[in-house]
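Heads up, query08.txt below (compact mmCIF, C-alpha atoms):
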```
# COMPACT_ATOMS: atom_id res chain seq x y z
CA MET A 13 9.06 -5.96 -12.66
CA LEU A 14 9.92 -3.78 -9.65
CA GLY A 15 10.71 -0.84 -11.89
CA ASN A 16 7.26 -0.93 -13.48
CA LEU A 17 5.56 -1.28 -10.10
CA LYS A 18 7.61 1.54 -8.63
CA ASN A 19 6.92 3.88 -11.57
CA GLU A 20 3.17 3.19 -11.53
CA LEU A 21 2.98 3.51 -7.75
CA PHE A 22 4.89 6.80 -7.63
CA GLN A 23 2.79 8.32 -10.44
CA LEU A 24 -0.45 7.36 -8.68
CA LEU A 25 0.70 8.54 -5.26
CA GLU A 26 1.75 11.92 -6.67
CA LYS A 27 -1.48 12.19 -8.68
CA TYR A 28 -3.84 11.53 -5.76
CA PHE A 29 -1.70 12.97 -2.93
CA PRO A 30 0.08 15.98 -4.49
CA SER A 31 2.02 16.91 -1.34
CA ILE A 32 3.05 13.35 -0.47
CA ARG A 33 6.65 12.69 0.60
CA ILE A 34 7.90 9.34 -0.73
CA GLN A 35 10.78 7.30 0.65
CA SER A 36 11.77 4.09 -1.09
CA LYS A 37 14.37 1.41 -0.68
CA GLU A 38 15.32 -1.38 -3.07
CA LYS A 39 17.20 -4.42 -1.87
CA ARG A 40 19.22 -6.64 -4.20
CA GLY A 41 16.98 -5.62 -7.10
CA ILE A 42 14.21 -7.93 -5.87
CA ILE A 43 12.60 -6.13 -2.92
CA LEU A 44 10.88 -2.75 -2.98
CA GLU A 45 9.87 -1.01 0.23
CA VAL A 46 8.01 2.30 0.06
CA ARG A 47 6.79 4.62 2.77
CA ALA A 48 4.75 7.54 1.47
CA HIS A 49 4.01 10.20 4.11
CA ILE A 50 0.65 11.92 3.71
CA ASP A 51 1.00 13.93 6.91
CA GLU A 52 2.84 13.65 10.22
CA ALA A 53 0.68 10.78 11.50
CA THR A 54 -0.42 9.07 8.29
CA PHE A 55 1.47 7.15 5.62
CA ILE A 56 1.10 4.42 3.03
CA VAL A 57 3.48 1.50 3.19
CA VAL A 58 4.09 -0.81 0.22
CA TYR A 59 6.20 -3.96 0.05
CA ALA A 60 6.92 -6.05 -3.04
CA ASN A 61 9.19 -9.05 -3.60
CA ALA A 62 9.92 -9.90 -7.25
CA ILE A 63 10.96 -13.49 -6.48
CA THR A 64 8.12 -14.57 -4.19
CA GLY A 65 5.50 -12.31 -5.81
CA LYS A 66 4.46 -11.04 -2.38
CA ARG A 67 2.86 -7.60 -2.33
CA SER A 68 1.33 -5.65 0.49
CA PHE A 69 -0.27 -2.23 0.74
CA ALA A 70 -1.42 -0.55 3.95
CA LEU A 71 -2.66 2.83 5.12
CA ILE A 72 -1.23 3.55 8.57
CA SER A 73 -2.37 6.31 10.90
CA LYS A 74 -1.08 6.98 14.40
CA GLY A 75 0.86 3.71 14.32
CA GLU A 76 -2.10 1.49 13.41
CA ARG A 77 -3.21 -0.10 10.17
CA ILE A 78 -6.44 1.51 8.99
CA ILE A 79 -6.90 -0.56 5.82
CA GLY A 80 -4.76 -2.89 3.76
CA TYR A 81 -4.40 -5.41 0.96
CA ASP A 82 -1.87 -8.19 0.57
CA ASN A 83 -1.34 -11.55 -1.05
CA TYR A 84 0.23 -13.51 1.79
CA LYS A 85 -1.10 -17.01 0.97
CA PHE A 86 -3.97 -15.44 -1.07
CA TRP A 87 -5.17 -11.96 -2.00
CA HIS A 88 -7.13 -10.50 0.87
CA TYR A 89 -8.41 -7.25 2.25
CA HIS A 90 -8.10 -5.74 5.75
CA PRO A 91 -11.21 -3.51 5.98
CA PRO A 92 -11.29 -0.23 7.94
CA ASP A 93 -13.91 -1.48 10.40
CA GLU A 94 -11.88 -4.65 11.17
CA PRO A 95 -8.28 -4.11 9.99
CA ASN A 96 -7.12 -7.42 11.49
CA SER A 97 -9.64 -9.41 9.42
CA HIS A 98 -8.63 -11.24 6.24
CA ILE A 99 -11.37 -11.04 3.62
CA PRO A 100 -10.53 -12.92 0.39
CA CYS A 101 -10.61 -10.80 -2.76
CA ASP A 102 -9.40 -10.73 -6.35
CA GLU A 103 -6.10 -8.98 -6.98
CA PRO A 104 -6.88 -5.25 -6.96
CA SER A 105 -5.25 -2.73 -9.27
CA ILE A 106 -2.75 -0.38 -7.68
CA GLU A 107 -4.92 2.56 -8.68
CA SER A 108 -8.01 1.10 -6.98
CA ILE A 109 -6.00 0.58 -3.79
CA ILE A 110 -4.64 4.14 -3.81
CA LEU A 111 -8.09 5.60 -4.53
CA GLU A 112 -9.61 3.63 -1.66
CA PHE A 113 -6.81 4.73 0.68
CA LYS A 114 -7.43 8.35 -0.36
CA ALA A 115 -11.16 8.07 0.34
CA ILE A 116 -10.53 6.51 3.77
CA GLN A 117 -7.81 9.02 4.63
CA GLU A 118 -10.09 11.94 3.76
CA LYS A 119 -12.70 10.63 6.23
CA CYS A 120 -10.21 10.48 9.10
```

Any chance you could put this one into structure tokens?
Amino acid sequence: MLGNLKNELFQLLEKYFPSIRIQSKEKRGIILEVRAHIDEATFIVVYANAITGKRSFALISKGERIIGYDNYKFWHYHPPDEPNSHIPCDEPSIESIILEFKAIQEKC
């Protein structure tokens, strides 16, 4: 499961952010942690746990979450205008998340 997620994520990150610098860490074969640096102040962070099913995706700039998605308790969205809000949503595709992050990052 983590291998498929990691492969898809890396392909999409490299497709939409050609100069991205990706760091990843796997723990015990069940946890994947990714930090993908877009520039000096901006990065995407991804966390996945194969046992619990938890996944989280966030765009961080200057130390603050700009936008995010995660499934802690239920799938929800942290919108750019209120990144601390929890707006319920259906599970998004990884590609739709990355595309939205790209669009937001280009506006900043």

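The residue set within 12 Å of segment 96-100 of chain A, counting only C-alpha atoms and dropping same-chain residues fewer than 3 places from it, reads Ala70, Glu76, Arg77, Ile78, Ile79, Gly80, Tyr81, Asp82, Asn83, Tyr84, Lys85, Phe86, Trp87, His88, Tyr89, His90, Pro91, Pro92, Asp93, Glu103 and Pro104 of chain A.
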
Could you write out that same residue set with C-alpha atoms as an mmCIF file, keeping the file's coordinate frame?
```
data_model
loop_
_atom_site.group_PDB
_atom_site.id
_atom_site.type_symbol
_atom_site.label_atom_id
_atom_site.label_comp_id
_atom_site.auth_asym_id
_atom_site.auth_seq_id
_atom_site.Cartn_x
_atom_site.Cartn_y
_atom_site.Cartn_z
ATOM 1 C CA ALA A 70 -1.420 -0.550 3.950
ATOM 2 C CA GLU A 76 -2.100 1.490 13.410
ATOM 3 C CA ARG A 77 -3.210 -0.100 10.170
ATOM 4 C CA ILE A 78 -6.440 1.510 8.990
ATOM 5 C CA ILE A 79 -6.900 -0.560 5.820
ATOM 6 C CA GLY A 80 -4.760 -2.890 3.760
ATOM 7 C CA TYR A 81 -4.400 -5.410 0.960
ATOM 8 C CA ASP A 82 -1.870 -8.190 0.570
ATOM 9 C CA ASN A 83 -1.340 -11.550 -1.050
ATOM 10 C CA TYR A 84 0.230 -13.510 1.790
ATOM 11 C CA LYS A 85 -1.100 -17.010 0.970
ATOM 12 C CA PHE A 86 -3.970 -15.440 -1.070
ATOM 13 C CA TRP A 87 -5.170 -11.960 -2.000
ATOM 14 C CA HIS A 88 -7.130 -10.500 0.870
ATOM 15 C CA TYR A 89 -8.410 -7.250 2.250
ATOM 16 C CA HIS A 90 -8.100 -5.740 5.750
ATOM 17 C CA PRO A 91 -11.210 -3.510 5.980
ATOM 18 C CA PRO A 92 -11.290 -0.230 7.940
ATOM 19 C CA ASP A 93 -13.910 -1.480 10.400
ATOM 20 C CA GLU A 103 -6.100 -8.980 -6.980
ATOM 21 C CA PRO A 104 -6.880 -5.250 -6.960
#
```

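As for atom CA of Asn61 of chain A and atom CA of Lys74 of chain A, they are spaced 26.2 Å apart.
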
Interatomic distance between atom CA of Leu71 of chain A and atom CA of Phe113 of chain A? 6.4 Å

Would you compute, for all listed atoms of segment 65-79 of chain A, the axis-aligned bounding box grown by 5 Å on each side, and then report its centre and edge lengths in Å rounded to one decimal, as JSON?
```
{"center_x": -0.7, "center_y": -2.7, "center_z": 4.3, "size_x": 22.4, "size_y": 29.3, "size_z": 30.2}
```

Here is a test: counting only C-alpha atoms, which residue of A:Ala60, A:Leu17, A:Leu25, A:Leu111 is nearest to Leu44 of chain A? A:Ala60

Given the choices A:Ser108, A:Gln23, A:Thr64, A:Gln35, which gets closest to Arg47 of chain A if the distance is worked out from only C-alpha atoms? A:Gln35

What separation in Å, quoted to one decimal, exists between atom CA of Ala115 of chain A and atom CA of Pro30 of chain A? 14.6 Å

I'd like the neighbourhood of Ile32 of chain A as number ranges by chain, where a residue qualifies if any of its atoms comes within 9 Å (using all atoms listed in the file), though same-chain residues fewer than 6 positions away should be ignored. A: 25-26, 48-51, 55
